[in-house]
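Peer 1: Contents of work37.cif (mmCIF, C-alpha atoms) are given next:
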data_coords
#
loop_
_atom_site.group_PDB
_atom_site.id
_atom_site.type_symbol
_atom_site.label_atom_id
_atom_site.label_comp_id
_atom_site.auth_asym_id
_atom_site.auth_seq_id
_atom_site.Cartn_x
_atom_site.Cartn_y
_atom_site.Cartn_z
ATOM 1 C CA MET H 1 66.191 112.740 148.045
ATOM 2 C CA GLU H 2 67.528 109.731 146.193
ATOM 3 C CA GLU H 3 65.337 107.477 144.153
ATOM 4 C CA TYR H 4 66.061 103.825 143.666
ATOM 5 C CA ILE H 5 64.764 101.540 140.985
ATOM 6 C CA GLU H 6 63.624 98.281 142.364
ATOM 7 C CA ILE H 7 63.493 95.228 140.124
ATOM 8 C CA ARG H 8 61.586 92.244 141.347
ATOM 9 C CA ILE H 9 62.114 88.911 139.648
ATOM 10 C CA LYS H 10 60.549 85.694 140.737
ATOM 11 C CA LYS H 11 62.899 82.824 141.446
ATOM 12 C CA ARG H 12 61.312 80.695 138.748
ATOM 13 C CA ILE H 13 61.943 83.324 136.052
ATOM 14 C CA LEU H 14 65.510 83.842 137.267
ATOM 15 C CA ILE H 15 66.184 80.087 137.043
ATOM 16 C CA VAL H 16 64.755 79.962 133.503
ATOM 17 C CA ILE H 17 66.953 82.887 132.436
ATOM 18 C CA ILE H 18 70.060 81.285 133.953
ATOM 19 C CA LEU H 19 69.306 77.923 132.301
ATOM 20 C CA PHE H 20 68.760 79.634 128.949
ATOM 21 C CA LEU H 21 72.086 81.490 129.227
ATOM 22 C CA MET H 22 73.868 78.271 130.189
ATOM 23 C CA PHE H 23 72.375 76.536 127.152
ATOM 24 C CA VAL H 24 73.444 79.358 124.804
ATOM 25 C CA ILE H 25 76.979 79.428 126.218
ATOM 26 C CA GLY H 26 77.249 75.615 126.061
ATOM 27 C CA ALA H 27 75.962 75.447 122.479
ATOM 28 C CA THR H 28 78.394 78.171 121.401
ATOM 29 C CA GLY H 29 81.305 76.372 123.044
ATOM 30 C CA TRP H 30 80.301 73.067 121.436
ATOM 31 C CA TYR H 31 80.067 74.765 118.012
ATOM 32 C CA PHE H 32 83.555 76.292 118.262
ATOM 33 C CA TRP H 33 85.064 73.082 119.629
ATOM 34 C CA SER H 34 83.544 71.093 116.745
ATOM 35 C CA SER H 35 84.811 73.585 114.160
ATOM 36 C CA TYR H 36 88.390 73.331 115.478
ATOM 37 C CA HIS H 37 88.343 69.517 115.824
ATOM 38 C CA PRO H 38 87.149 68.090 112.481
ATOM 39 C CA TYR H 39 87.774 64.482 111.506
ATOM 40 C CA ILE H 40 91.205 64.372 109.820
ATOM 41 C CA ASN H 41 92.811 61.188 108.501
ATOM 42 C CA ILE H 42 96.300 61.138 106.987
ATOM 43 C CA GLN H 43 97.352 58.059 105.074
ATOM 44 C CA VAL H 44 101.017 57.905 104.121
ATOM 45 C CA SER H 45 101.556 55.668 101.130
ATOM 46 C CA GLU H 46 103.713 55.364 98.058
ATOM 47 C CA GLY H 47 103.615 58.206 95.593
ATOM 48 C CA THR H 48 105.764 59.671 92.856
ATOM 49 C CA ALA H 49 107.443 62.975 92.136
ATOM 50 C CA GLY H 50 108.099 62.108 88.495
ATOM 51 C CA ASP H 51 109.639 59.318 86.425
ATOM 52 C CA ASN H 52 111.663 56.910 88.618
ATOM 53 C CA LEU H 53 111.129 59.165 91.648
ATOM 54 C CA LYS H 54 109.327 57.242 94.387
ATOM 55 C CA VAL H 55 108.366 59.495 97.288
ATOM 56 C CA ALA H 56 105.885 58.510 99.980
ATOM 57 C CA ALA H 57 103.078 61.053 100.179
ATOM 58 C CA PRO H 58 100.548 62.114 102.804
ATOM 59 C CA TYR H 59 97.001 61.749 101.533
ATOM 60 C CA ILE H 60 94.765 63.891 103.722
ATOM 61 C CA ALA H 61 91.026 63.307 104.077
ATOM 62 C CA TYR H 62 88.882 65.471 106.319
ATOM 63 C CA SER H 63 85.244 66.078 107.114
ATOM 64 C CA GLU H 64 83.268 68.261 109.435
ATOM 65 C CA LYS H 65 82.363 67.090 112.911
ATOM 66 C CA ASN H 66 78.744 67.172 114.121
ATOM 67 C CA GLY H 67 77.621 69.045 110.994
ATOM 68 C CA VAL H 68 79.733 72.081 111.913
ATOM 69 C CA PRO H 69 81.937 73.558 109.156
ATOM 70 C CA MET H 70 85.681 73.337 109.684
ATOM 71 C CA ALA H 71 87.455 76.472 110.950
ATOM 72 C CA ALA H 72 89.420 78.369 108.323
ATOM 73 C CA SER H 73 92.646 78.074 110.321
ATOM 74 C CA ILE H 74 92.428 74.265 110.250
ATOM 75 C CA ASN H 75 91.863 74.323 106.496
ATOM 76 C CA LEU H 76 94.900 76.595 106.147
ATOM 77 C CA LYS H 77 97.040 74.166 108.166
ATOM 78 C CA ILE H 78 95.978 71.259 105.949
ATOM 79 C CA SER H 79 96.809 73.278 102.831
ATOM 80 C CA ASP H 80 100.170 74.286 104.301
ATOM 81 C CA LEU H 81 101.074 70.673 105.060
ATOM 82 C CA THR H 82 100.189 69.702 101.493
ATOM 83 C CA MET H 83 102.250 72.568 100.069
ATOM 84 C CA GLN H 84 105.269 71.657 102.222
ATOM 85 C CA HIS H 85 105.163 68.151 100.742
ATOM 86 C CA GLU H 86 104.828 69.552 97.217
ATOM 87 C CA PHE H 87 107.891 71.775 97.755
ATOM 88 C CA MET H 88 109.870 68.715 98.863
ATOM 89 C CA CYS H 89 108.755 66.838 95.734
ATOM 90 C CA LYS H 90 109.812 69.794 93.571
ATOM 91 C CA SER H 91 113.233 69.825 95.235
ATOM 92 C CA ILE H 92 113.617 66.092 94.621
ATOM 93 C CA ARG H 93 112.599 66.466 90.958
ATOM 94 C CA GLU H 94 115.169 69.213 90.438
ATOM 95 C CA ASN H 95 118.092 67.429 92.139
ATOM 96 C CA TYR H 96 117.654 63.670 91.605
ATOM 97 C CA ILE H 97 116.993 61.290 88.717
ATOM 98 C CA CYS H 98 115.928 58.267 90.772
ATOM 99 C CA SER H 99 114.722 57.866 94.352
ATOM 100 C CA ASP H 100 113.084 55.600 96.892
ATOM 101 C CA ILE H 101 112.078 57.902 99.730
ATOM 102 C CA LYS H 102 109.805 57.128 102.674
ATOM 103 C CA LEU H 103 107.914 59.574 104.887
ATOM 104 C CA LYS H 104 107.392 59.507 108.648
ATOM 105 C CA ILE H 105 105.159 62.084 110.347
ATOM 106 C CA ASN H 106 105.934 62.806 114.002
ATOM 107 C CA LYS H 107 104.156 65.074 116.479
ATOM 108 C CA LYS H 108 106.304 66.681 119.164
ATOM 109 C CA LYS H 109 104.984 69.324 121.550
ATOM 110 C CA ASP H 110 103.527 72.041 119.291
ATOM 111 C CA LYS H 111 105.248 70.917 116.104
ATOM 112 C CA THR H 112 104.661 68.443 113.302
ATOM 113 C CA ILE H 113 107.759 66.955 111.686
ATOM 114 C CA LEU H 114 107.729 65.460 108.191
ATOM 115 C CA LYS H 115 110.824 63.255 107.988
ATOM 116 C CA TYR H 116 111.856 62.055 104.536
ATOM 117 C CA TYR H 117 114.453 59.268 104.379
ATOM 118 C CA GLY H 118 115.723 56.717 101.897
ATOM 119 C CA THR H 119 118.066 56.651 98.917
ATOM 120 C CA ALA H 120 118.282 58.867 95.866
ATOM 121 C CA THR H 121 120.492 59.061 92.780
ATOM 122 C CA SER H 122 121.793 62.559 92.104
ATOM 123 C CA LEU H 123 122.004 64.146 88.669
ATOM 124 C CA ASP H 124 125.669 63.122 88.365
ATOM 125 C CA GLY H 125 124.807 59.445 89.055
ATOM 126 C CA LYS H 126 125.848 59.105 92.708
ATOM 127 C CA VAL H 127 123.580 57.108 95.015
ATOM 128 C CA GLU H 128 123.106 59.094 98.219
ATOM 129 C CA ASP H 129 121.331 58.629 101.508
ATOM 130 C CA PHE H 130 118.428 61.034 101.579
ATOM 131 C CA ASN H 131 117.544 62.412 105.003
ATOM 132 C CA LYS H 132 115.625 65.678 105.216
ATOM 133 C CA GLN H 133 112.856 66.958 107.399
ATOM 134 C CA ILE H 134 110.308 69.729 107.390
ATOM 135 C CA THR H 135 109.081 71.155 110.689
ATOM 136 C CA VAL H 136 105.853 73.136 110.938
ATOM 137 C CA ASP H 137 104.727 75.018 114.040
ATOM 138 C CA TYR H 138 101.362 73.354 114.559
ATOM 139 C CA ILE H 139 99.779 69.991 115.218
ATOM 140 C CA LEU H 140 96.788 68.636 113.380
ATOM 141 C CA ASN H 141 94.585 66.369 115.479
ATOM 142 C CA ALA H 142 94.725 63.616 112.884
ATOM 143 C CA ASP H 143 94.820 59.847 112.726
ATOM 144 C CA ILE H 144 97.974 58.904 110.826
ATOM 145 C CA LYS H 145 98.194 55.530 109.091
ATOM 146 C CA TYR H 146 101.064 54.068 107.111
ATOM 147 C CA GLN H 147 100.613 51.710 104.218
#
What does this structure look like when you write it as structure tokens?
Peer 2:
Amino acid sequence: MEEYIEIRIKKRILIVIILFLMFVIGATGWYFWSSYHPYINIQVSEGTAGDNLKVAAPYIAYSEKNGVPMAASINLKISDLTMQHEFMCKSIRENYICSDIKLKINKKKDKTILKYYGTATSLDGKVEDFNKQITVDYILNADIKYQ
């Protein structure tokens, strides 16, 4: 003889449970979406890498969206972008005595490209066209403004 357990739930209680679960799932999704989409503004304007070395720089400002803290991976991407620029400035300081270099930030597919272009005077006094780029394998959802 088999015994079965019978569970009886009223329709009203079932609807309340389903609505509660939908609210919890929606709130969780909203929280994660907000943490991965903070407000990020990048302003590219004139900067320096040392004496007589003009290099446009990305100034990055960010804040949380809807009171939700930013995801650690987004913070890491912002730090990486800043470090990539600092490495370029270090390379310019070590190889040139004078420069006038601009920066253009492009987004293509799943990549962000930092394109540096302009003129620079090498250590031996030759004026050269400077054209280098850094490609990173992510895109920041940022508003980019040039000054």
Peer 1: Identify which of the residues H:Ile101, H:Met83, H:Met70, H:Ala142 lies closest to H:Ser35, counting all atoms listed in the file when measuring atom-to-atom distances.
Peer 2: H:Met70
Peer 1: By how many Å are atom CA of H:Ser73 and atom CA of H:Leu103 apart?
Peer 2: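 Answer for the atom CA of H:Ser73 to atom CA of H:Leu103 separation: 24.6 Å.
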Peer 1: May I ask for the distance between atom CA of H:Ser79 and atom CA of H:Lys104, given in Å to one decimal place?
Peer 2: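 Atom-to-atom, atom CA of H:Ser79 and atom CA of H:Lys104 are spaced 18.3 Å apart.
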Peer 1: I'd like to see the residues matched by the PyMOL selection byres ((chain H and resi 59) around 7) on this file, and ideally I'd get them as a list in words.
Peer 2: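 Matching residues under the PyMOL selection byres ((chain H and resi 59) around 7) are Ile42, Gln43, Val44, Ala57, Pro58, Ile60 and Ala61 of chain H.
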Peer 1: Go through stretch 45-119 of chain H residue by residue and, counting all atoms listed in the file, keep those with an atom at most 9 Å from stretch 28-32 of chain H; for each kept residue give the shortest atom pair and its distance in Å to one decimal, ordered by chain and increasing number, as a tab-separated table.
Peer 2:
residue	atom	partner	partner_atom	distance
H:Asn66	CA	H:Tyr31	CA	8.6
H:Val68	CA	H:Tyr31	CA	6.7
H:Ala71	CA	H:Phe32	CA	8.3
Peer 1: Enumerate, as a PyMOL selection string, the residues matched when the PyMOL selection byres ((chain H and resi 117) around 10) is run on the file above.
Peer 2: chain H and resi 55-56+100-104+114-116+118-120+129-133
Peer 1: Please indicate the distance in Å from atom CA of H:Ser34 to atom CA of H:Ile18, rounded to one decimal place.
Peer 2: 24.1 Å
Peer 1: Go through H:Glu128, H:Glu3, H:Asp110, H:Glu86 and flag the residue nearest H:Leu140, using all atoms listed in the file for the distances.
Peer 2: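 Among the listed residues, H:Asp110 lies closest to H:Leu140.
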Peer 1: Mind listing whatever residues come within 10 Å of the point (98.1, 74.1, 106.8)? Use only C-alpha atoms, file coordinates, and give them as a list of chain:residue names.
Peer 2: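 Residues lying no farther than 10 Å from the given point: H:Ala72, H:Ser73, H:Ile74, H:Asn75, H:Leu76, H:Lys77, H:Ile78, H:Ser79, H:Asp80, H:Leu81, H:Thr82, H:Met83, H:Gln84, H:Val136, H:Asp137, H:Tyr138, H:Ile139, H:Leu140.
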Peer 1: I need the chosen residues saved as an mmCIF file, in the coordinates of the input, with C-alpha atoms.
Peer 2:
data_model
loop_
_atom_site.group_PDB
_atom_site.id
_atom_site.type_symbol
_atom_site.label_atom_id
_atom_site.label_comp_id
_atom_site.auth_asym_id
_atom_site.auth_seq_id
_atom_site.Cartn_x
_atom_site.Cartn_y
_atom_site.Cartn_z
ATOM 1 C CA ALA H 72 89.420 78.369 108.323
ATOM 2 C CA SER H 73 92.646 78.074 110.321
ATOM 3 C CA ILE H 74 92.428 74.265 110.250
ATOM 4 C CA ASN H 75 91.863 74.323 106.496
ATOM 5 C CA LEU H 76 94.900 76.595 106.147
ATOM 6 C CA LYS H 77 97.040 74.166 108.166
ATOM 7 C CA ILE H 78 95.978 71.259 105.949
ATOM 8 C CA SER H 79 96.809 73.278 102.831
ATOM 9 C CA ASP H 80 100.170 74.286 104.301
ATOM 10 C CA LEU H 81 101.074 70.673 105.060
ATOM 11 C CA THR H 82 100.189 69.702 101.493
ATOM 12 C CA MET H 83 102.250 72.568 100.069
ATOM 13 C CA GLN H 84 105.269 71.657 102.222
ATOM 14 C CA VAL H 136 105.853 73.136 110.938
ATOM 15 C CA ASP H 137 104.727 75.018 114.040
ATOM 16 C CA TYR H 138 101.362 73.354 114.559
ATOM 17 C CA ILE H 139 99.779 69.991 115.218
ATOM 18 C CA LEU H 140 96.788 68.636 113.380
#
Peer 1: May I have the residues at most 12 Å from (117.2, 62.5, 84.4) in the file's coordinates, counting only C-alpha atoms, as a list of chain:residue names?
Peer 2: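 Checked against the point, the hits come out as H:Gly50, H:Asp51, H:Asn52, H:Leu53, H:Ile92, H:Arg93, H:Glu94, H:Asn95, H:Tyr96, H:Ile97, H:Cys98, H:Ser99, H:Thr121, H:Ser122, H:Leu123, H:Asp124, H:Gly125.
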Peer 1: Determine the nearest neighbour of H:Lys90 from the options H:Leu21, H:Ala49, H:Ile105, H:Leu14, counting only C-alpha atoms.
Peer 2: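 Ranked by minimum distance to H:Lys90, first place goes to H:Ala49.
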